[in-house]
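model35.cif (mmCIF, C-alpha atoms) appears below.
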```cif
data_start
loop_
_atom_site.label_atom_id
_atom_site.label_comp_id
_atom_site.auth_asym_id
_atom_site.auth_seq_id
_atom_site.Cartn_x
_atom_site.Cartn_y
_atom_site.Cartn_z
CA THR A 22 0.00 0.00 0.00
CA ASN A 23 1.01 3.64 -0.25
CA LYS A 24 1.05 3.78 3.55
CA GLY A 25 3.85 1.21 3.58
CA THR A 26 6.13 3.20 1.28
CA HIS A 27 8.34 4.58 4.05
CA LEU A 28 8.85 1.21 5.74
CA ARG A 29 9.60 -0.51 2.43
CA ALA A 30 12.17 2.17 1.66
CA THR A 31 13.82 1.49 5.02
CA LEU A 32 13.92 -2.31 4.70
CA TYR A 33 13.21 -3.62 1.20
CA SER A 34 15.04 -0.90 -0.71
CA TRP A 35 18.17 -1.52 1.36
CA CYS A 36 18.03 -5.25 0.54
CA ILE A 37 17.57 -4.53 -3.16
CA ARG A 38 20.53 -2.14 -3.19
CA GLN A 39 22.76 -4.82 -1.69
CA VAL A 40 21.72 -7.39 -4.30
CA LEU A 41 22.26 -4.89 -7.11
CA GLN A 42 25.71 -4.05 -5.75
CA HIS A 43 26.96 -7.57 -5.06
CA GLN A 44 25.17 -9.82 -7.56
CA ARG A 45 25.86 -8.51 -11.03
CA ASN A 46 25.14 -11.89 -12.65
CA LYS A 47 21.37 -11.89 -13.14
CA THR A 48 21.30 -15.39 -14.61
CA ARG A 49 21.50 -16.73 -11.05
CA ALA A 50 18.25 -16.82 -9.10
CA VAL A 51 17.65 -14.92 -5.86
CA LEU A 52 15.91 -16.81 -3.03
CA ILE A 53 13.76 -15.03 -0.43
CA PRO A 54 12.67 -17.35 2.42
CA GLY A 55 9.95 -16.03 4.71
CA ALA A 56 8.63 -14.01 1.77
CA GLY A 57 5.14 -13.40 3.20
CA LEU A 58 2.95 -11.55 0.71
CA GLY A 59 5.80 -11.43 -1.79
CA ARG A 60 6.29 -7.67 -2.08
CA LEU A 61 10.08 -7.80 -1.66
CA ALA A 62 10.27 -10.60 -4.24
CA TYR A 63 8.09 -8.60 -6.63
CA ASP A 64 10.08 -5.38 -6.24
CA LEU A 65 13.38 -7.22 -6.75
CA GLY A 66 11.94 -8.94 -9.81
CA THR A 67 11.40 -5.56 -11.49
CA TYR A 68 15.22 -5.31 -11.72
CA ASP A 69 15.30 -8.34 -14.08
CA TYR A 70 16.35 -10.91 -11.50
CA THR A 71 14.83 -14.38 -11.38
CA VAL A 72 13.32 -14.41 -7.90
CA GLU A 73 12.04 -17.40 -5.92
CA ALA A 74 9.94 -16.67 -2.84
CA ASN A 75 9.24 -19.19 -0.09
CA ASP A 76 6.97 -19.21 2.92
CA ALA A 77 5.53 -21.87 5.20
CA SER A 78 2.13 -20.15 5.31
CA VAL A 79 -0.47 -21.22 2.76
CA CYS A 80 -2.45 -18.07 3.56
CA MET A 81 0.52 -15.84 2.71
CA ALA A 82 1.15 -17.74 -0.51
CA ALA A 83 -2.51 -17.50 -1.56
CA ALA A 84 -2.55 -13.74 -0.96
CA ALA A 85 0.74 -13.32 -2.84
CA HIS A 86 -0.68 -15.28 -5.80
CA LYS A 87 -3.71 -12.98 -5.87
CA LEU A 88 -1.57 -9.85 -5.80
CA TRP A 89 1.00 -11.09 -8.32
CA HIS A 90 -1.78 -11.98 -10.76
CA TRP A 91 -3.85 -8.89 -10.14
CA ASN A 92 -5.75 -7.98 -13.29
CA ARG A 93 -6.48 -4.31 -13.30
CA THR A 94 -8.94 -4.56 -16.18
CA SER A 95 -11.16 -7.22 -14.61
CA ALA A 96 -11.05 -5.30 -11.32
CA GLY A 97 -12.44 -2.25 -13.08
CA ASN A 98 -9.35 -0.18 -12.28
CA ARG A 99 -10.27 -0.47 -8.61
CA THR A 100 -8.15 -1.39 -5.65
CA MET A 101 -9.14 -3.63 -2.75
CA LYS A 102 -9.88 -2.19 0.67
CA LEU A 103 -8.74 -3.55 4.01
CA HIS A 104 -9.24 -2.53 7.65
CA PRO A 105 -5.95 -3.70 9.22
CA TYR A 106 -6.49 -2.21 12.68
CA VAL A 107 -10.10 -3.06 13.45
CA LEU A 108 -9.29 -6.21 15.46
CA ASP A 109 -6.40 -4.73 17.44
CA TYR A 110 -6.46 -5.10 21.22
CA LEU A 111 -8.23 -2.16 22.82
CA VAL A 112 -5.21 -1.03 24.82
CA ASN A 113 -2.78 1.87 24.38
CA GLU A 114 -5.21 3.39 21.87
CA ILE A 115 -5.05 7.16 21.26
CA ASP A 116 -7.89 7.91 18.86
CA PRO A 117 -10.63 5.25 18.61
CA LYS A 118 -11.75 6.58 15.20
CA LYS A 119 -8.40 5.50 13.72
CA ARG A 120 -9.33 1.91 14.49
CA TYR A 121 -11.49 1.93 11.37
CA ASP A 122 -8.89 3.42 9.02
CA THR A 123 -8.67 1.72 5.66
CA VAL A 124 -5.81 0.95 3.33
CA HIS A 125 -6.13 0.32 -0.39
CA PHE A 126 -4.01 -2.15 -2.30
CA PRO A 127 -2.19 -2.87 -4.46
CA ASP A 128 -0.49 0.48 -4.92
CA ASN A 129 1.46 -0.95 -7.86
CA HIS A 130 -0.62 -2.97 -10.29
CA PRO A 131 1.33 -5.96 -11.66
CA SER A 132 -0.78 -5.90 -14.84
CA THR A 133 0.84 -2.57 -15.75
CA GLN A 134 4.34 -4.12 -15.50
CA ARG A 135 6.14 -6.32 -17.98
CA ARG A 136 6.09 -10.01 -17.18
CA LEU A 137 8.45 -10.77 -14.29
CA ASN A 138 10.32 -14.00 -13.60
CA LEU A 139 8.82 -14.84 -10.20
CA SER A 140 7.99 -18.12 -8.47
CA TYR A 141 6.69 -19.07 -5.02
CA THR A 142 7.16 -22.29 -3.05
CA VAL A 143 5.03 -23.18 -0.04
CA GLY A 144 6.46 -25.16 2.87
CA SER A 145 9.31 -25.37 5.35
CA PHE A 146 12.45 -23.59 4.17
CA VAL A 147 14.61 -26.32 5.68
CA GLU A 148 12.66 -29.27 4.33
CA ILE A 149 12.24 -27.92 0.80
CA TYR A 150 15.74 -26.59 0.19
CA ALA A 151 17.94 -29.18 1.92
CA SER A 152 18.43 -31.01 -1.36
CA PRO A 153 21.71 -31.93 -3.05
CA SER A 154 20.25 -30.77 -6.37
CA LEU A 155 20.13 -27.18 -5.09
CA LYS A 156 23.79 -26.99 -4.09
CA SER A 157 25.28 -23.66 -5.23
CA TYR A 158 22.11 -22.85 -7.16
CA TYR A 159 21.38 -19.29 -5.98
CA GLY A 160 23.35 -16.11 -6.48
CA SER A 161 21.84 -14.48 -3.40
CA VAL A 162 19.66 -15.34 -0.44
CA VAL A 163 17.77 -12.41 1.09
CA THR A 164 16.30 -12.74 4.59
CA CYS A 165 14.10 -9.93 5.89
CA PHE A 166 12.75 -10.39 9.43
CA PHE A 167 13.37 -14.12 9.06
CA VAL A 168 16.51 -15.49 10.75
CA ASP A 169 14.97 -15.37 14.25
CA THR A 170 12.38 -17.96 13.17
CA ALA A 171 15.11 -20.64 13.17
CA SER A 172 14.80 -23.59 15.51
CA ASN A 173 18.58 -23.80 15.22
CA ILE A 174 20.44 -20.89 13.60
CA TYR A 175 23.28 -23.23 12.60
CA GLU A 176 20.73 -25.06 10.49
CA TYR A 177 19.73 -21.91 8.60
CA ALA A 178 23.32 -20.78 8.16
CA LEU A 179 24.53 -24.15 6.88
CA LEU A 180 21.59 -24.43 4.52
CA ILE A 181 22.15 -20.96 3.09
CA TRP A 182 25.84 -21.82 2.64
CA HIS A 183 24.77 -24.95 0.75
CA LEU A 184 22.42 -22.97 -1.52
CA LEU A 185 24.76 -20.11 -2.47
CA GLU A 186 26.91 -20.32 -5.57
CA GLU A 187 30.62 -20.89 -5.09
CA GLU A 188 33.04 -17.97 -4.84
CA SER A 189 30.48 -15.15 -5.03
CA GLY A 190 27.22 -16.16 -3.31
CA ILE A 191 25.76 -13.38 -1.13
CA TRP A 192 23.53 -13.51 1.95
CA VAL A 193 21.68 -10.23 2.60
CA ASN A 194 19.88 -9.90 5.94
CA VAL A 195 17.87 -7.28 7.80
CA GLY A 196 15.78 -7.88 10.91
CA PRO A 197 15.80 -8.31 14.67
CA LEU A 198 17.06 -11.23 16.72
CA GLN A 199 13.79 -11.79 18.55
CA TRP A 200 14.24 -15.54 18.69
CA HIS A 201 10.92 -17.35 18.51
CA SER A 202 9.67 -19.81 21.11
CA ASN A 203 10.87 -22.77 19.03
CA ALA A 204 14.50 -21.56 19.04
CA GLN A 205 17.00 -23.92 20.67
CA LEU A 206 19.74 -21.26 20.55
CA HIS A 207 19.54 -17.53 21.27
CA PRO A 208 22.84 -16.02 20.09
CA SER A 209 23.53 -12.32 20.41
CA ALA A 210 24.42 -10.30 17.33
CA GLU A 211 28.15 -10.63 18.02
CA GLU A 212 27.84 -14.37 18.66
CA LEU A 213 25.92 -14.72 15.39
CA ARG A 214 28.71 -12.94 13.56
CA ARG A 215 31.29 -15.37 14.94
CA ILE A 216 29.06 -18.30 13.91
CA LEU A 217 28.86 -17.04 10.33
CA GLU A 218 32.59 -16.39 10.11
CA THR A 219 33.35 -19.86 11.49
CA LEU A 220 31.07 -21.43 8.87
CA GLY A 221 32.94 -19.75 6.03
CA PHE A 222 31.20 -16.41 5.46
CA ASP A 223 33.14 -13.18 4.96
CA ILE A 224 31.26 -10.23 6.44
CA LEU A 225 31.07 -7.36 3.96
CA HIS A 226 28.68 -5.24 6.00
CA TRP A 227 27.52 -5.45 9.62
CA SER A 228 25.48 -2.82 11.46
CA ILE A 229 22.71 -2.30 13.99
CA ASP A 230 20.22 0.46 13.30
CA THR A 231 20.23 3.34 15.77
CA LYS A 232 16.75 4.54 14.79
CA PRO A 233 13.85 2.20 15.63
CA VAL A 234 12.05 0.66 12.66
CA PRO A 235 8.34 0.05 13.32
CA TYR A 236 7.24 -3.48 12.60
CA ARG A 237 3.65 -2.71 11.72
CA ASN A 238 2.73 0.98 12.06
CA ASP A 239 4.61 3.78 10.33
CA LEU A 240 5.44 6.28 13.07
CA GLU A 241 6.49 8.79 10.41
CA THR A 242 2.91 9.20 9.19
CA SER A 243 0.60 8.17 12.03
CA VAL A 244 0.88 7.66 15.78
CA ARG A 245 -1.84 5.24 16.89
CA TYR A 246 -0.80 3.93 20.27
CA THR A 247 0.93 4.99 23.49
CA LYS A 248 3.09 1.93 22.97
CA ASP A 249 4.41 0.69 19.67
CA GLU A 250 6.38 -2.31 18.44
CA ALA A 251 9.65 -1.29 16.82
CA TYR A 252 13.10 -2.81 16.37
CA LEU A 253 16.72 -1.86 15.84
CA PRO A 254 17.35 -4.41 13.11
CA LEU A 255 20.62 -6.16 12.42
CA ARG A 256 21.80 -5.63 8.85
CA PHE A 257 24.53 -7.71 7.29
CA VAL A 258 25.88 -8.76 3.94
CA ALA A 259 27.88 -11.99 4.05
CA LYS A 260 29.77 -13.53 1.15
CA LYS A 261 30.54 -17.19 0.74
CA ARG A 262 34.29 -17.38 1.32
CA PRO A 263 36.23 -18.44 -1.80
CA GLY A 264 38.12 -21.69 -1.33
CA PHE A 265 36.54 -22.49 2.02
CA LYS A 266 35.73 -26.20 2.24
CA LEU A 267 32.54 -27.10 4.06
CA ASP A 268 30.30 -30.10 3.53
CA ALA A 269 27.15 -28.38 4.72
CA MET A 270 24.91 -31.40 4.23
CA SER A 271 27.21 -33.64 6.27
CA CYS A 272 27.21 -31.05 9.06
CA LEU A 273 23.43 -30.93 8.99
CA ARG A 274 23.14 -34.71 9.13
CA ARG A 275 25.55 -34.88 12.07
CA MET A 276 23.56 -32.17 13.82
CA LYS A 277 20.37 -34.15 13.37
CA GLN A 278 22.00 -37.32 14.70
CA ARG A 279 23.36 -35.44 17.73
CA VAL A 280 19.92 -34.06 18.61
CA ILE A 281 18.32 -37.50 18.27
CA SER A 282 21.10 -39.00 20.43
CA ASP A 283 20.65 -36.31 23.11
CA ALA A 284 16.91 -36.94 23.14
CA LYS A 285 17.47 -40.67 23.73
CA GLU A 286 20.02 -40.11 26.49
CA ARG A 287 18.01 -37.34 28.16
CA PRO A 288 14.31 -38.13 27.85
CA ASP A 289 13.61 -35.24 30.20
CA LEU A 290 14.87 -32.75 27.60
CA ASP A 291 12.22 -30.85 25.69
CA ILE A 292 13.74 -30.62 22.22
CA ASN A 293 10.65 -28.70 21.04
CA MET A 294 10.93 -29.68 17.40
CA PRO A 295 7.76 -29.16 15.35
CA GLY A 296 9.15 -31.52 12.72
CA PRO A 297 12.43 -33.15 11.73
CA LEU A 298 15.42 -30.94 12.42
CA ILE A 299 16.68 -31.59 8.94
CA HIS A 300 15.11 -32.98 5.84
CA GLU A 301 16.50 -36.49 5.30
CA ILE A 302 19.05 -36.50 2.48
CA LYS A 303 18.73 -39.70 0.47
#
```
Would you mind giving the structure from this file in structure tokens?
Amino acid sequence: TNKGTHLRATLYSWCIRQVLQHQRNKTRAVLIPGAGLGRLAYDLGTYDYTVEANDASVCMAAAAHKLWHWNRTSAGNRTMKLHPYVLDYLVNEIDPKKRYDTVHFPDNHPSTQRRLNLSYTVGSFVEIYASPSLKSYYGSVVTCFFVDTASNIYEYALLIWHLLEEESGIWVNVGPLQWHSNAQLHPSAEELRRILETLGFDILHWSIDTKPVPYRNDLETSVRYTKDEAYLPLRFVAKKRPGFKLDAMSCLRRMKQRVISDAKERPDLDINMPGPLIHEIK
């Protein structure tokens, strides 16, 4: 929507600039796990990249499909209307009339654009992409408000290493480290940096924002609540280190075996795994 322009400029535009700077070869696909409604994938696709979005949510994928295939003619040149705040908790509210504010979307009609090379997969990032056939397949992996969804951050990092092309593969990230309830590890930003460097990534950029970035409401245009959710996101660009030898799939298999072994030896441990730690490599 137009109301999201400022936030997209803060987050998505930064990611796109990094891909444009570091991945000059547009014949390699860009992967965006945790793609949600697909706006970042769509915007990046307008720069002639082949973009593959992924999300575990069927609802997100269905909405993205609708927006990507929006037909302006059949819609009568109209946009759709949504009331995003009407079901908010009735706490910290400043002006109750704002509860019924509307937003109109899409602000950018795909039917007015040339055909873009976009695709969308639905399902677990780990289970879908832990495949030997995808080794070194992608030129870039872009994660926006995604890495803290990991059950085990080593798993995400090893998988992204596996997916990136040799010598020049780039991982672009922006988002907080608000580790979800399923996380087995909760590394700090500096600990995460050491993990990535140990696994064979060279850090090209690393910073923490000093100005809070709202997660949902744009404080630049409208103040709705006496309390608001905002983050100081971690931004990094990591390059797959040339010549570094790492059998990512073997590491992932050993990690899975270790967790299974720990669970057998310590039945009192709550491993809290919603599914297999790693997709079985056959």
Show me, as CSV, the residues of segment 60-146 of chain A having an atom within 10 Å of segment 248-271 of chain A, each with the closest atom pair and its distance in Å, using only C-alpha atoms.
```
residue,atom,partner,partner_atom,distance
A:Val112,CA,A:Lys248,CA,9.0
A:Asn113,CA,A:Lys248,CA,6.0
A:Glu114,CA,A:Lys248,CA,8.5
A:Ile115,CA,A:Lys248,CA,9.8
```
*Can you give me, as number ranges by chain, the residues this file yields under the PyMOL selection byres ((chain A and resi 60) around 10)?*
A: 29, 33, 56-59, 61-66, 74, 85, 88-89
_When you count only C-alpha atoms, which of these residues is closest to Lys47 of chain A: A:Lys24, A:His183, A:Leu225, A:Thr71?_
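Among the listed residues, the smallest separation from Lys47 of chain A belongs to A:Thr71.
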*Which polymer residues, protein or nucleic acid, are no farther than 12 Å from (21.7, -2.3, -3.1), counting all atoms listed in the file, as a list of chain:residue names?*
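All residues meeting the 12 Å criterion around (21.7, -2.3, -3.1) are A:Ala30, A:Thr31, A:Leu32, A:Tyr33, A:Ser34, A:Trp35, A:Cys36, A:Ile37, A:Arg38, A:Gln39, A:Val40, A:Leu41, A:Gln42, A:His43, A:Gln44, A:Arg45, A:Leu65, A:Tyr68, A:Val163, A:Ile191, A:Val193, A:Asn194, A:His226, A:Val258.
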*For Val79 of chain A, which residue among A:Thr142, A:Ser228, A:Ser157, A:Gln199 is the nearest when counting all atoms listed in the file?*
A:Thr142
